[in-house]
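One structure is given below, encoded as C-alpha cells.
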Amino acid sequence: MPVCEVQIVNIFVDKDSGTPVVLLRDPESKDVLPILIAPLEASMIAIELEGQKPVRPLTHDLIINVVKELAYEVKSVCVTDLRDNIYFAEITLVCGDRVVEIDSRPSDAIAVALRAGCSIFVKRKVFALAMGISNVVKSGDREAMKEVLEDIDIEDVDGKIM
C-alpha cells in the first residue's frame, strides 16, 4: 500500500461554503489534500494545534486515555480512501504483537493522531482520486503513476481511468 506521510498545513473555514477544511500536504511532492470536516472536529484539531489544554478531557483525549488504559498505543493514522466524495481513514493501534485497525472519519483520526503524537499518512491513491487520475498521468511522474495504478480498483473511478 503506497502511502506518504503528510503534515497538517492549515485548518480554516471555507468562505464560500462556511465549512471547515483541514489541509494535508505531502512534503516531498508538495501535493495538498483538502478535506472538509465538521465544525466540532475542526475545533478539536485547532485546540491541539494551538497547544490549548482543556481542564477536563475532550472526546479525543478520552479516546487516547482509553487506548492507553487498555495498554495499546496509537501507532499511526491513515486516510485510506475517497468514495462518493467521502474520505475514509483508519487508526492503527498496537499492543505487543497485536495490531488493530479502527475505521474512522479522517477528522477524528487526525485529532487522535495529534494527541498521540503519531504520524499521519495518506494513501497515494487518495491524492490521485482527489486531484483526478488524469492529473497524475499528465505530471509524467512514472513512479507516482505506478504506485497509484497498483492501488486503484476500477470501482474507485467508476470504470474510467481517463
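Numbering starts fresh at 1 for the residues of each chain in the C-alpha cells, the chains themselves are lettered A, B, ... in the order given, and ligands are numbered from 1 as they appear.
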
Find the spatial neighbours of A:Val32, counting only C-alpha atoms, within a cut-off of 10 Å - ignore same-chain residues fewer than 4 positions away - and output them as a VMD selection string. chain A and resid 6 to 9 23 to 27 127 130 to 131

Looking only at alpha helix (DSSP H) from DSSP on the backbone, list the matching residues of chain A as a PyMOL selection string. chain A and resi 39-49+59-69+106-116+124-131+133-139+142-151

Determine which residues of stretch 18-145 of chain A receive a DSSP assignment of strand (DSSP E or B), computed from the backbone, and state them as an MDAnalysis selection string. chainID A and resid 20:25 32:36 73:83 86:95 98:104 119:123

Residues within 10 Å of A:Thr59, please, as an MDAnalysis selection string. Count only C-alpha atoms; anything in the same chain fewer than 2 positions from it doesn't count. chainID A and resid 41 44 56:57 61:65 108 111:112

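Between A:Leu129 and the residues A:Leu36, A:Pro106, A:Cys4, A:Tyr87, the shortest atom-to-atom distance, using only C-alpha atoms, involves A:Tyr87.
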
Atom CA of A:Ser43 and atom CA of A:Lys75, how far apart in Å? 23.1 Å
